[in-house]
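Text of data24.tsv (TSV, N, CA and C atoms and all ligand atoms) as supplied:
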```tsv
chain	number	residue	atom	x	y	z
A	1282	MET	N	1.44	5.42	-15.51
A	1282	MET	CA	0.46	5.05	-16.50
A	1282	MET	C	-0.47	4.01	-15.90
A	1283	ILE	N	-1.70	4.03	-16.34
A	1283	ILE	CA	-2.62	2.98	-15.91
A	1283	ILE	C	-2.97	2.11	-17.11
A	1284	THR	N	-3.34	0.89	-16.83
A	1284	THR	CA	-3.80	-0.02	-17.86
A	1284	THR	C	-4.82	-0.96	-17.23
A	1285	GLN	N	-5.24	-1.92	-17.98
A	1285	GLN	CA	-6.22	-2.91	-17.52
A	1285	GLN	C	-5.65	-4.30	-17.74
A	1286	THR	N	-6.15	-5.25	-16.99
A	1286	THR	CA	-5.84	-6.63	-17.33
A	1286	THR	C	-6.62	-6.98	-18.59
A	1287	THR	N	-6.15	-7.94	-19.33
A	1287	THR	CA	-6.70	-8.22	-20.66
A	1287	THR	C	-8.19	-8.52	-20.64
A	1288	GLU	N	-8.68	-9.15	-19.58
A	1288	GLU	CA	-10.09	-9.49	-19.52
A	1288	GLU	C	-10.96	-8.24	-19.37
A	1289	GLN	N	-10.40	-7.16	-18.84
A	1289	GLN	CA	-11.14	-5.94	-18.60
A	1289	GLN	C	-10.95	-4.92	-19.73
A	1290	ALA	N	-9.93	-5.08	-20.52
A	1290	ALA	CA	-9.56	-4.06	-21.49
A	1290	ALA	C	-10.42	-4.12	-22.74
A	1291	THR	N	-10.72	-2.95	-23.26
A	1291	THR	CA	-11.39	-2.87	-24.56
A	1291	THR	C	-10.31	-2.93	-25.63
A	1292	ALA	N	-10.72	-3.01	-26.88
A	1292	ALA	CA	-9.74	-3.09	-27.97
A	1292	ALA	C	-8.79	-1.90	-27.96
A	1293	SER	N	-9.33	-0.71	-27.73
A	1293	SER	CA	-8.46	0.46	-27.73
A	1293	SER	C	-7.50	0.44	-26.54
A	1294	GLU	N	-7.96	-0.09	-25.42
A	1294	GLU	CA	-7.08	-0.17	-24.26
A	1294	GLU	C	-5.99	-1.21	-24.44
A	1295	ASN	N	-6.25	-2.22	-25.28
A	1295	ASN	CA	-5.22	-3.22	-25.52
A	1295	ASN	C	-3.98	-2.61	-26.14
A	1296	THR	N	-4.13	-1.48	-26.82
A	1296	THR	CA	-2.97	-0.82	-27.39
A	1296	THR	C	-2.12	-0.18	-26.30
A	1297	ARG	N	-2.67	-0.08	-25.09
A	1297	ARG	CA	-1.91	0.46	-23.96
A	1297	ARG	C	-1.22	-0.66	-23.19
A	1298	ARG	N	-0.93	-1.74	-23.85
A	1298	ARG	CA	-0.22	-2.86	-23.24
A	1298	ARG	C	-0.97	-3.45	-22.06
A	1299	ALA	N	-2.19	-3.87	-22.32
A	1299	ALA	CA	-2.93	-4.58	-21.27
A	1299	ALA	C	-2.12	-5.80	-20.85
A	1300	ILE	N	-2.22	-6.16	-19.61
A	1300	ILE	CA	-1.44	-7.29	-19.10
A	1300	ILE	C	-2.38	-8.45	-18.78
A	1301	PRO	N	-1.86	-9.66	-18.82
A	1301	PRO	CA	-2.72	-10.81	-18.52
A	1301	PRO	C	-3.24	-10.76	-17.09
A	1302	ALA	N	-4.53	-11.06	-16.91
A	1302	ALA	CA	-5.07	-11.18	-15.56
A	1302	ALA	C	-4.29	-12.28	-14.86
A	1303	GLY	N	-4.02	-12.06	-13.61
A	1303	GLY	CA	-3.25	-13.05	-12.86
A	1303	GLY	C	-1.80	-12.67	-12.71
A	1304	THR	N	-1.37	-11.65	-13.45
A	1304	THR	CA	-0.01	-11.16	-13.25
A	1304	THR	C	0.12	-10.69	-11.80
A	1305	PRO	N	1.19	-11.06	-11.10
A	1305	PRO	CA	1.29	-10.66	-9.70
A	1305	PRO	C	1.65	-9.19	-9.53
A	1306	CYS	N	1.10	-8.60	-8.49
A	1306	CYS	CA	1.42	-7.23	-8.12
A	1306	CYS	C	2.86	-7.18	-7.60
A	1307	PHE	N	3.63	-6.18	-8.01
A	1307	PHE	CA	5.02	-6.03	-7.58
A	1307	PHE	C	5.13	-5.89	-6.07
A	1308	TYR	N	4.15	-5.24	-5.46
A	1308	TYR	CA	4.24	-4.94	-4.03
A	1308	TYR	C	3.70	-6.06	-3.15
A	1309	CYS	N	2.48	-6.53	-3.41
A	1309	CYS	CA	1.84	-7.50	-2.50
A	1309	CYS	C	1.87	-8.92	-3.05
A	1310	HIS	N	2.22	-9.08	-4.29
A	1310	HIS	CA	2.31	-10.38	-4.95
A	1310	HIS	C	0.96	-11.05	-5.17
A	1311	GLN	N	-0.13	-10.37	-4.86
A	1311	GLN	CA	-1.45	-10.92	-5.16
A	1311	GLN	C	-1.73	-10.71	-6.64
A	1312	ARG	N	-2.62	-11.48	-7.17
A	1312	ARG	CA	-2.94	-11.41	-8.60
A	1312	ARG	C	-3.64	-10.09	-8.93
A	1313	LEU	N	-3.27	-9.51	-10.05
A	1313	LEU	CA	-3.88	-8.26	-10.52
A	1313	LEU	C	-5.11	-8.57	-11.37
A	1314	GLN	N	-6.09	-7.73	-11.23
A	1314	GLN	CA	-7.26	-7.82	-12.09
A	1314	GLN	C	-7.90	-6.45	-12.15
A	1315	GLY	N	-8.31	-6.03	-13.33
A	1315	GLY	CA	-8.94	-4.73	-13.48
A	1315	GLY	C	-7.92	-3.64	-13.75
A	1316	THR	N	-8.12	-2.48	-13.15
A	1316	THR	CA	-7.25	-1.34	-13.37
A	1316	THR	C	-5.93	-1.53	-12.64
A	1317	VAL	N	-4.85	-1.29	-13.35
A	1317	VAL	CA	-3.51	-1.56	-12.85
A	1317	VAL	C	-2.62	-0.35	-13.11
A	1318	VAL	N	-1.73	-0.05	-12.17
A	1318	VAL	CA	-0.71	0.98	-12.40
A	1318	VAL	C	0.53	0.28	-12.94
A	1319	MET	N	1.12	0.86	-13.96
A	1319	MET	CA	2.30	0.23	-14.54
A	1319	MET	C	3.39	1.25	-14.80
A	1320	TRP	N	4.62	0.83	-14.65
A	1320	TRP	CA	5.80	1.63	-15.00
A	1320	TRP	C	6.79	0.72	-15.67
A	1321	TRP	N	7.35	1.22	-16.78
A	1321	TRP	CA	8.38	0.48	-17.46
A	1321	TRP	C	9.72	1.04	-17.05
A	1322	GLY	N	10.58	0.17	-16.64
A	1322	GLY	CA	11.92	0.59	-16.25
A	1322	GLY	C	12.97	-0.15	-17.06
A	1323	GLU	N	14.20	0.17	-16.77
A	1323	GLU	CA	15.31	-0.49	-17.46
A	1323	GLU	C	15.46	-1.89	-16.89
A	1324	GLY	N	15.03	-2.87	-17.63
A	1324	GLY	CA	15.19	-4.25	-17.21
A	1324	GLY	C	14.06	-4.79	-16.36
A	1325	ALA	N	13.11	-3.97	-15.98
A	1325	ALA	CA	12.00	-4.46	-15.16
A	1325	ALA	C	10.77	-3.59	-15.37
A	1326	ASP	N	9.65	-4.21	-15.48
A	1326	ASP	CA	8.38	-3.50	-15.56
A	1326	ASP	C	7.64	-3.73	-14.24
A	1327	LEU	N	7.00	-2.70	-13.75
A	1327	LEU	CA	6.27	-2.80	-12.49
A	1327	LEU	C	4.78	-2.74	-12.77
A	1328	TYR	N	4.04	-3.64	-12.17
A	1328	TYR	CA	2.58	-3.66	-12.24
A	1328	TYR	C	2.07	-3.73	-10.81
A	1329	LEU	N	1.19	-2.82	-10.47
A	1329	LEU	CA	0.71	-2.76	-9.09
A	1329	LEU	C	-0.78	-2.47	-9.02
A	1330	HIS	N	-1.41	-2.94	-7.93
A	1330	HIS	CA	-2.75	-2.48	-7.60
A	1330	HIS	C	-2.65	-0.99	-7.31
A	1331	PRO	N	-3.68	-0.21	-7.62
A	1331	PRO	CA	-3.61	1.22	-7.29
A	1331	PRO	C	-3.32	1.46	-5.81
A	1332	GLU	N	-3.95	0.72	-4.92
A	1332	GLU	CA	-3.72	0.92	-3.49
A	1332	GLU	C	-2.30	0.51	-3.09
A	1333	CYS	N	-1.73	-0.47	-3.74
A	1333	CYS	CA	-0.36	-0.87	-3.44
A	1333	CYS	C	0.62	0.19	-3.94
A	1334	THR	N	0.27	0.90	-5.00
A	1334	THR	CA	1.10	2.00	-5.48
A	1334	THR	C	1.22	3.07	-4.40
A	1335	VAL	N	0.13	3.35	-3.71
A	1335	VAL	CA	0.16	4.32	-2.61
A	1335	VAL	C	1.07	3.81	-1.50
A	1336	GLU	N	0.89	2.56	-1.11
A	1336	GLU	CA	1.70	1.98	-0.03
A	1336	GLU	C	3.18	2.03	-0.38
A	1337	LEU	N	3.53	1.63	-1.60
A	1337	LEU	CA	4.93	1.63	-2.01
A	1337	LEU	C	5.48	3.05	-2.07
A	1338	SER	N	4.70	3.99	-2.58
A	1338	SER	CA	5.15	5.38	-2.68
A	1338	SER	C	5.47	5.95	-1.31
A	1339	ILE	N	4.62	5.68	-0.35
A	1339	ILE	CA	4.86	6.16	1.02
A	1339	ILE	C	6.18	5.61	1.53
A	1340	ARG	N	6.42	4.35	1.33
A	1340	ARG	CA	7.64	3.73	1.84
A	1340	ARG	C	8.89	4.22	1.09
A	1341	LEU	N	8.77	4.44	-0.19
A	1341	LEU	CA	9.91	4.98	-0.95
A	1341	LEU	C	10.26	6.38	-0.47
A	1342	LEU	N	9.25	7.20	-0.25
A	1342	LEU	CA	9.50	8.56	0.22
A	1342	LEU	C	10.06	8.56	1.63
A	1343	ARG	N	9.60	7.64	2.46
A	1343	ARG	CA	10.16	7.52	3.81
A	1343	ARG	C	11.65	7.18	3.72
A	1344	ASP	N	12.03	6.32	2.80
A	1344	ASP	CA	13.43	5.96	2.64
A	1344	ASP	C	14.27	7.16	2.18
A	1345	VAL	N	13.72	7.97	1.29
A	1345	VAL	CA	14.43	9.17	0.86
A	1345	VAL	C	14.64	10.12	2.03
A	1346	HIS	N	13.60	10.26	2.85
A	1346	HIS	CA	13.71	11.14	4.02
A	1346	HIS	C	14.77	10.60	4.99
A	1347	GLU	N	14.85	9.30	5.12
A	1347	GLU	CA	15.87	8.70	5.99
A	1347	GLU	C	17.27	9.01	5.45
A	1348	ILE	N	17.45	8.96	4.15
A	1348	ILE	CA	18.74	9.30	3.55
A	1348	ILE	C	19.09	10.76	3.86
A	1349	GLU	N	18.08	11.63	3.74
A	1349	GLU	CA	18.31	13.04	4.05
A	1349	GLU	C	18.79	13.20	5.48
A	1350	ARG	N	18.13	12.54	6.39
A	1350	ARG	CA	18.49	12.69	7.80
A	1350	ARG	C	19.85	12.08	8.10
A	1351	GLU	N	20.14	10.93	7.56
A	1351	GLU	CA	21.41	10.26	7.83
A	1351	GLU	C	22.59	11.01	7.23
A	1352	ASN	N	22.37	11.63	6.09
A	1352	ASN	CA	23.47	12.29	5.38
A	1352	ASN	C	23.42	13.81	5.49
A	1353	GLN	N	22.44	14.30	6.25
A	1353	GLN	CA	22.28	15.75	6.39
A	1353	GLN	C	22.26	16.42	5.02
A	1354	THR	N	21.49	15.85	4.14
A	1354	THR	CA	21.31	16.42	2.81
A	1354	THR	C	19.87	16.88	2.67
A	1355	ASN	N	19.61	17.62	1.64
A	1355	ASN	CA	18.29	18.15	1.42
A	1355	ASN	C	17.84	17.77	0.01
A	1356	ILE	N	17.50	16.51	-0.15
A	1356	ILE	CA	17.13	15.98	-1.47
A	1356	ILE	C	15.82	16.58	-1.95
A	1357	THR	N	14.85	16.64	-1.10
A	1357	THR	CA	13.53	17.08	-1.51
A	1357	THR	C	13.36	18.59	-1.48
A	1358	GLY	N	14.20	19.26	-0.73
A	1358	GLY	CA	14.10	20.70	-0.65
A	1358	GLY	C	13.09	21.19	0.35
A	1359	GLY	N	12.41	20.27	0.98
A	1359	GLY	CA	11.41	20.66	1.97
A	1359	GLY	C	12.04	21.18	3.24
A	1360	PRO	N	11.31	22.02	3.97
A	1360	PRO	CA	11.88	22.63	5.18
A	1360	PRO	C	12.16	21.63	6.30
A	1361	SER	N	11.50	20.48	6.29
A	1361	SER	CA	11.71	19.53	7.38
A	1361	SER	C	12.81	18.52	7.07
A	1362	SER	N	13.44	18.66	5.91
A	1362	SER	CA	14.43	17.66	5.51
A	1362	SER	C	15.54	17.48	6.53
A	1363	LEU	N	15.97	18.56	7.13
A	1363	LEU	CA	17.12	18.48	8.03
A	1363	LEU	C	16.73	18.64	9.49
A	1364	LEU	N	15.43	18.68	9.76
A	1364	LEU	CA	14.98	18.83	11.14
A	1364	LEU	C	15.05	17.49	11.86
A	1365	ASN	N	15.18	17.56	13.13
A	1365	ASN	CA	15.16	16.40	14.00
A	1365	ASN	C	16.13	15.30	13.58
A	1366	PRO	N	17.40	15.64	13.40
A	1366	PRO	CA	18.35	14.57	13.05
A	1366	PRO	C	18.44	13.57	14.19
A	1367	ARG	N	18.77	12.37	13.84
A	1367	ARG	CA	18.86	11.30	14.85
A	1367	ARG	C	20.05	11.53	15.76
B	1401	ZN	ZN	-0.88	-5.29	-4.68
```
Could you spell out this file's structure in structure tokens?
Ligand SMILES: [Zn+2]
Amino acid sequence: MITQTTEQATASENTRRAIPAGTPCFYCHQRLQGTVVMWWGEGADLYLHPECTVELSIRLLRDVHEIERENQTNITGGPSSLLNPR
């Protein structure tokens, strides 16, 4: 889901849980302002810059691929999951 920091949000967007400007990004810890990616989880909410969302996603997927290679499993189902084991 995307949202805005409160200074950028319109009244209708405030119903989408706009967050205070200055809230730190989960990934880079820099202050958020403007359009923000958000996810609500069990016990933690994540707020990220859109570009940091890409960076984090790449690293999360790399970690999943590492699990596949280390455990010889095929989590993603892709053809390269089990290629080139260490
Ligand atoms: Zn960030």
- Could you please extract the residues within 12 Å of ligand ZN 1401 (chain B), counting only C-alpha atoms and all ligand atoms, and hand them back as an NGL selection string? :A and (1303-1319 or 1327-1337)
Inset, instruction - Would you mind writing down, as a ChimeraX atom specification, each residue of segment 1288-1357 of chain A that DSSP on the backbone assigns to strand (DSSP E)? - result: /A:1316-1321,1326-1329
Figure out the distance between atom CA of Thr1357 of chain A and atom C of Glu1323 of chain A, please, to one decimal in Å.
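Distance between the two atoms: 24.5 Å.
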With only C-alpha atoms as the atoms that count, which of A:Trp1321, A:Val1345, A:Asp1326, A:Ile1283 lies nearest to Gly1359 of chain A?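 Selected residue with least distance to Gly1359 of chain A: A:Val1345.
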Box centre and edge lengths (Å, one decimal), axis-aligned, segment 1328-1338 of chain A plus 3 Å each side, as AutoDock Vina command-line options:
```
--center_x 0.8 --center_y 1.1 --center_z -6.1 --size_x 15.4 --size_y 15.7 --size_z 18.2
```
Atom C of Thr1286 of chain A to atom CA of Gly1322 of chain A: how many Å, to one decimal?
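We find that atom C of Thr1286 of chain A and atom CA of Gly1322 of chain A lie 20.2 Å from each other.
When atom CA of Ala1302 of chain A is paired with atom CA of Gln1285 of chain A, their separation reads 8.6 Å.
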- Message: Measuring between only C-alpha atoms, which one of A:Ile1300, A:Ile1356, A:Ala1325, A:Met1282 shows the shortest distance to Leu1342 of chain A?
- Response: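 Answer, going by the shortest atom-to-atom distance: A:Ile1356.
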Mind listing the helix (DSSP H, G or I) residues of segment 1282-1355 of chain A, per DSSP on the backbone, as a list in words?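 Of segment 1282-1355 of chain A, only Ala1292, Ser1293, Glu1294, Asn1295, Pro1331, Glu1332, Cys1333, Thr1334, Val1335, Glu1336, Leu1337, Ser1338, Ile1339, Arg1340, Leu1341, Leu1342, Arg1343, Asp1344, Val1345, His1346, Glu1347, Ile1348, Glu1349, Arg1350, Glu1351 and Asn1352 of chain A fall in helix (DSSP H, G or I).
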